[in-house]
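Student: Below is one structure. I have some questions about it.
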Amino acid sequence: MRWTKSLIPTLRQAPAEAVVPSHQLMLRAGVIQQVASGAYNYLPLGWRSLHKAMEIIRTEMNSAGAAEVFMPALQPIEWWEATGRRARLGENMFVVTDRHGREQAPGPTHEEVITMLFGGAVTSYKQLPVNLYQIQTKFRDEYRPRFGVLRSREFQMKDAYSFHLTVDGPDGLDVEYQNMYDCYCRIFDRCGLKYVIVEAETGDMGGNASHQFTVLTPTGEDTIFTNDSRSYSANIEKCSTGARSYNLDGEPTGELDKVHTPDCSSIEDVSKFMKVKPKNMLKSMVYKAGDELIVAVVRGDHDVNEEKLKDATGQTVVGLADDAEAKAAGFPVGFIGPHVEVSCRTFIDFDAAQDQFWAAGGNEVDHHVKHFNWKRDLIQHVDDTCYVVADIRNAIDGDPAPEDRGGGTLHASKGIEVGQVFKLGRKYTQALGVTVLDENQQNVVPIMGCYGIGVNRILASAIEQEGGHDDRGIIWPMALAPFHVVITPIKYSGDVAKVCDDIYATLTAADIDVLLDDRDERPGVKFNDADLIGIPLRIVIGDKGLANQEVELKARTADKPEMVKADAICDHVINTVRNELS
Ligand code: ATP
Ligand code: MG
């Protein structure tokens, strides 16, 4: 490709709204252009890179035995109602109404459609297992689209779905889950990503086991934990801690002292006003667990983990109670202390169940208490079915790791989720009434797995990760670079132009992706742009070098160029590119 025939609108400065490096650099390098909040044009460079990621995914999925299909983006809303996910996804789903007044959803994901596709095409166990995938545009009305293509409202996803009769056995879900897990490793390795694989919650997908593939970077939105020996890695939503001791029997540190705390509703406000550190405060909140209202108590500097609360309460649906409902039940919302006079079960995190000085809500509007004591103020007044001490908070850096997973200490880091694999079970096949005939001619409900990759996020996280950019611009891994090499003539004319054209032709014939900077620009401008757009190799050709039959070769990551004989440059480049891609 000749630069003058492409469209590479490089910018000196990124627009102010771009705050993370990948977003800034993708805009500055003319990779993407914003159309609207969470929607982007992929310009020629971006589209080439996106295609490269897709082709890696496609080749690896095909060789792992999955078959590609293509489903419509517009999906019947009834199927989402049948699985209960219309309500569950709520405002995250776009819903459009057609001219006949029928609603449908531009798909945020395709479990419902694939299950119906499968139901319409597969009747016998003999056709199982099967794994079908597509690469398609997904639509999600994200609450906060941000960080460029990392969290957009329209994005490309590779989504795969497998169907099985059993979990175990050679044709079972477990085998295919591992097959996809291994396939994902090959995909992300080939893309040049540095990732970790962490245990994850299943969220909106449902199911009972899941792993996320996460690219480590300080700008990532996900918090993950890994223990010292790296035998345990988990997302914050899932991360368990090792045993933490507790004690509810300690003696009071003083008289229960009620303090008027006007206009203080947050932990920070109360902490400042009462001059008590958040770690000496109890945060008590009303949750709805199934049909029951419960109180969850964690330390002021900790956060409740709803998944853990689910496990502790034994309920499948747990969420913060609606304020009005909690108030109607007698809870002084915003000022609740564990000794609240409403009869309910109380779930106490280990770190909150300690013998120490506590400040807590005063169970009266605009009031808090000092010297709350578990034994005196709660335990003595209720029977022991009314309180449960459990791990109900998010893990934090320095927590003990679960002993049965290798123990040691948990270390927090930030990352970007690029892919996730799930064992779904029968959630979708059951809800949509899909069955196949087994060996005994009995109808059975198949078991599913699903496997997603965010294609756009692959590009952004390649830039975001360590070594993915510097102060001059993007540093693409060879596999994702829109071009492997850029030829930069000092001046594109005469002999220099002829040598450029020859090298261009030879490399292109050898399947090397070459960009020829044939612009009438100063060398400095061309060098800066080449660095900004992140092409891994640059060949500089000028009269001076050619006088010695030499050209200059510089890797984007190297400090200095090397001089290479003009008649050897093509072989040199071909070998370098092939080596890096293999
Ligand atoms: P997140 O937790 O970041 O919102 P998710 O867990 O909801 O993502 P999945 O449903 O697992 O996402 O979708 C599969 C993949 O699609 C994700 O691993 C991610 O790479 C990508 N993805 C999800 N949401 C977005 C988005 N808004 N913009 C770009 N890529 C996305
Ligand atoms: Mg996910």
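Residues in the structure tokens are named by chain (A, B, ... in the order shown) and by number from 1 within that chain; ligands are numbered from 1 in the order shown.
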Name all residues at most 7 Å from range 86-96 of chain A (count only C-alpha atoms; drop same-chain ones fewer than 5 positions away) and give them as a VMD selection string.
Tutor: chain A and resid 80 to 81 103 to 106 108 140 to 142
Student: Take the residues that were just selected and, keeping N, CA, C and O atoms, output them as a CSV table (one decimal), in the first residue's frame.
Tutor:
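The new file result.csv reads:
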chain,number,residue,atom,x,y,z
A,80,TRP,N,-35.3,-13.6,24.5
A,80,TRP,CA,-34.6,-13.0,25.7
A,80,TRP,C,-35.6,-13.0,26.9
A,80,TRP,O,-35.1,-13.1,28.0
A,81,GLU,N,-36.9,-13.0,26.6
A,81,GLU,CA,-37.8,-13.0,27.7
A,81,GLU,C,-37.9,-14.4,28.2
A,81,GLU,O,-38.0,-14.7,29.4
A,103,GLU,N,-40.9,-5.7,19.0
A,103,GLU,CA,-39.6,-5.4,19.6
A,103,GLU,C,-38.6,-6.4,19.2
A,103,GLU,O,-38.9,-7.6,19.1
A,104,GLN,N,-37.3,-6.0,19.0
A,104,GLN,CA,-36.2,-6.9,18.8
A,104,GLN,C,-35.0,-6.2,19.4
A,104,GLN,O,-34.9,-5.0,19.5
A,105,ALA,N,-34.0,-7.1,19.6
A,105,ALA,CA,-32.8,-6.5,20.2
A,105,ALA,C,-31.6,-6.7,19.3
A,105,ALA,O,-31.3,-7.7,18.8
A,106,PRO,N,-30.9,-5.6,19.1
A,106,PRO,CA,-29.5,-5.7,18.4
A,106,PRO,C,-28.7,-6.4,19.5
A,106,PRO,O,-28.5,-5.9,20.6
A,108,PRO,N,-26.6,-8.2,22.3
A,108,PRO,CA,-25.4,-8.0,23.1
A,108,PRO,C,-24.5,-9.2,23.2
A,108,PRO,O,-23.4,-9.2,23.6
A,140,ARG,N,-24.1,-3.1,23.1
A,140,ARG,CA,-24.4,-3.0,24.5
A,140,ARG,C,-24.5,-1.6,24.9
A,140,ARG,O,-23.6,-0.8,24.6
A,141,ASP,N,-25.6,-1.2,25.5
A,141,ASP,CA,-25.8,0.1,25.9
A,141,ASP,C,-25.1,0.3,27.3
A,141,ASP,O,-25.7,0.5,28.3
A,142,GLU,N,-23.7,0.4,27.2
A,142,GLU,CA,-22.9,0.5,28.3
A,142,GLU,C,-23.2,1.7,29.1
A,142,GLU,O,-23.4,2.8,28.5
Student: Taking only C-alpha atoms and all ligand atoms and a cut-off of 6 Å, can you tell me which residues surround ligand 1, written as a ChimeraX atom specification?
Tutor: /A:149-153,155,157,417-420,452-454,457
Student: Residues within 10 Å of Gly314 in chain A, please, as a PyMOL selection string. Count only C-alpha atoms; anything in the same chain fewer than 6 positions from it doesn't count.
Tutor: chain A and resi 289-290+308
Student: Have a look at CA of Gly330 in chain A and CA of Asp355 in chain A and let me know their distance in Å, one decimal.
Tutor: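 The value is 28.1 Å.
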Student: Which residues are near Thr557 in chain A? Cut-off 10 Å, only C-alpha atoms, ignore same chain within fewer than 3 positions. Put them as a list in words.
Tutor: Gly467, Gly468, His469, Asp470, Ile475, Trp476, Asp531, Gly534, Ile535, Pro536, Leu537, Lys554 and Lys560 of chain A
Student: Mind checking DSSP for range 276-425 of chain A and telling me the alpha helix (DSSP H) residues as a list in words?
Tutor: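 Checking each residue of range 276-425 of chain A, the alpha helix (DSSP H) ones are Glu306, Glu307, Lys308, Leu309, Lys310, Asp311, Ala312, Thr313, Asp323, Ala324, Glu325, Ala326, Lys327, Ala328, Trp374, Lys375, Arg376 and Asp377 of chain A.
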Student: Skipping near chain neighbours, those fewer than 6 positions away, what residues fall within 8 Å of Val514 in chain A using only C-alpha atoms, listed as an NGL selection string?
Tutor: :A and (1 or 483-487 or 504 or 507-508)
Student: Applying 10 Å and only C-alpha atoms, which residues near Ala479 in chain A remain after dropping the ones on its own chain fewer than 5 positions away? List them as a ChimeraX atom specification.
Tutor: /A:49,52-53,56,189-192,484,536,577,580-582
Student: Please list as a list of chain:residue names every residue within 9 Å of range 538-552 of chain A, counting only C-alpha atoms and excluding residues in the same chain fewer than 4 positions away.
Tutor: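 Returned residues: A:His484, A:Val485, A:Val486, A:Ile487, A:Thr488, A:Pro489, A:Ile490, A:Lys491, A:Tyr492, A:Asp495, A:Val496, A:Ala497, A:Val499, A:Cys500, A:Phe527, A:Ala530, A:Asp531, A:Arg556, A:Pro561, A:Glu562, A:Met563, A:Val564, A:Lys565, A:Ala566, A:Asp567, A:Ile569.
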Student: Return as JSON, numbers by chain the full set of residues in range 243-489 of chain A whose backbone-based DSSP assignment is strand (DSSP E).
Tutor: {"A": [257, 258, 259, 260, 282, 283, 284, 285, 286, 287, 288, 289, 292, 293, 294, 295, 296, 297, 298, 299, 318, 319, 320, 345, 346, 347, 348, 349, 359, 360, 361, 367, 368, 369, 370, 387, 388, 389, 390, 410, 411, 412, 413, 414, 415, 416, 417, 418, 419, 420, 421, 422, 423, 424, 425, 436, 437, 443, 444, 447, 448, 449, 450, 451, 452, 453, 454, 469, 470, 473, 474, 485, 486, 487, 488, 489]}
Student: Using only C-alpha atoms and all ligand atoms, which residue out of A:Ile57, A:Ala200, A:Ala121, A:Cys183 lies closest to ligand 2?
Tutor: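 Counting only C-alpha atoms and all ligand atoms, the residue closest to ligand 2 is A:Ala200.
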Student: CA of Ser284 in chain A and CA of Thr261 in chain A, how far apart in Å?
Tutor: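 Computed distance, CA of Thr261 in chain A to CA of Ser284 in chain A, equals 16.3 Å.
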Student: Quick one, how far is CA of Ile474 in chain A from CA of Ala568 in chain A?
Tutor: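 Separation between CA of Ile474 in chain A and CA of Ala568 in chain A: 27.7 Å.
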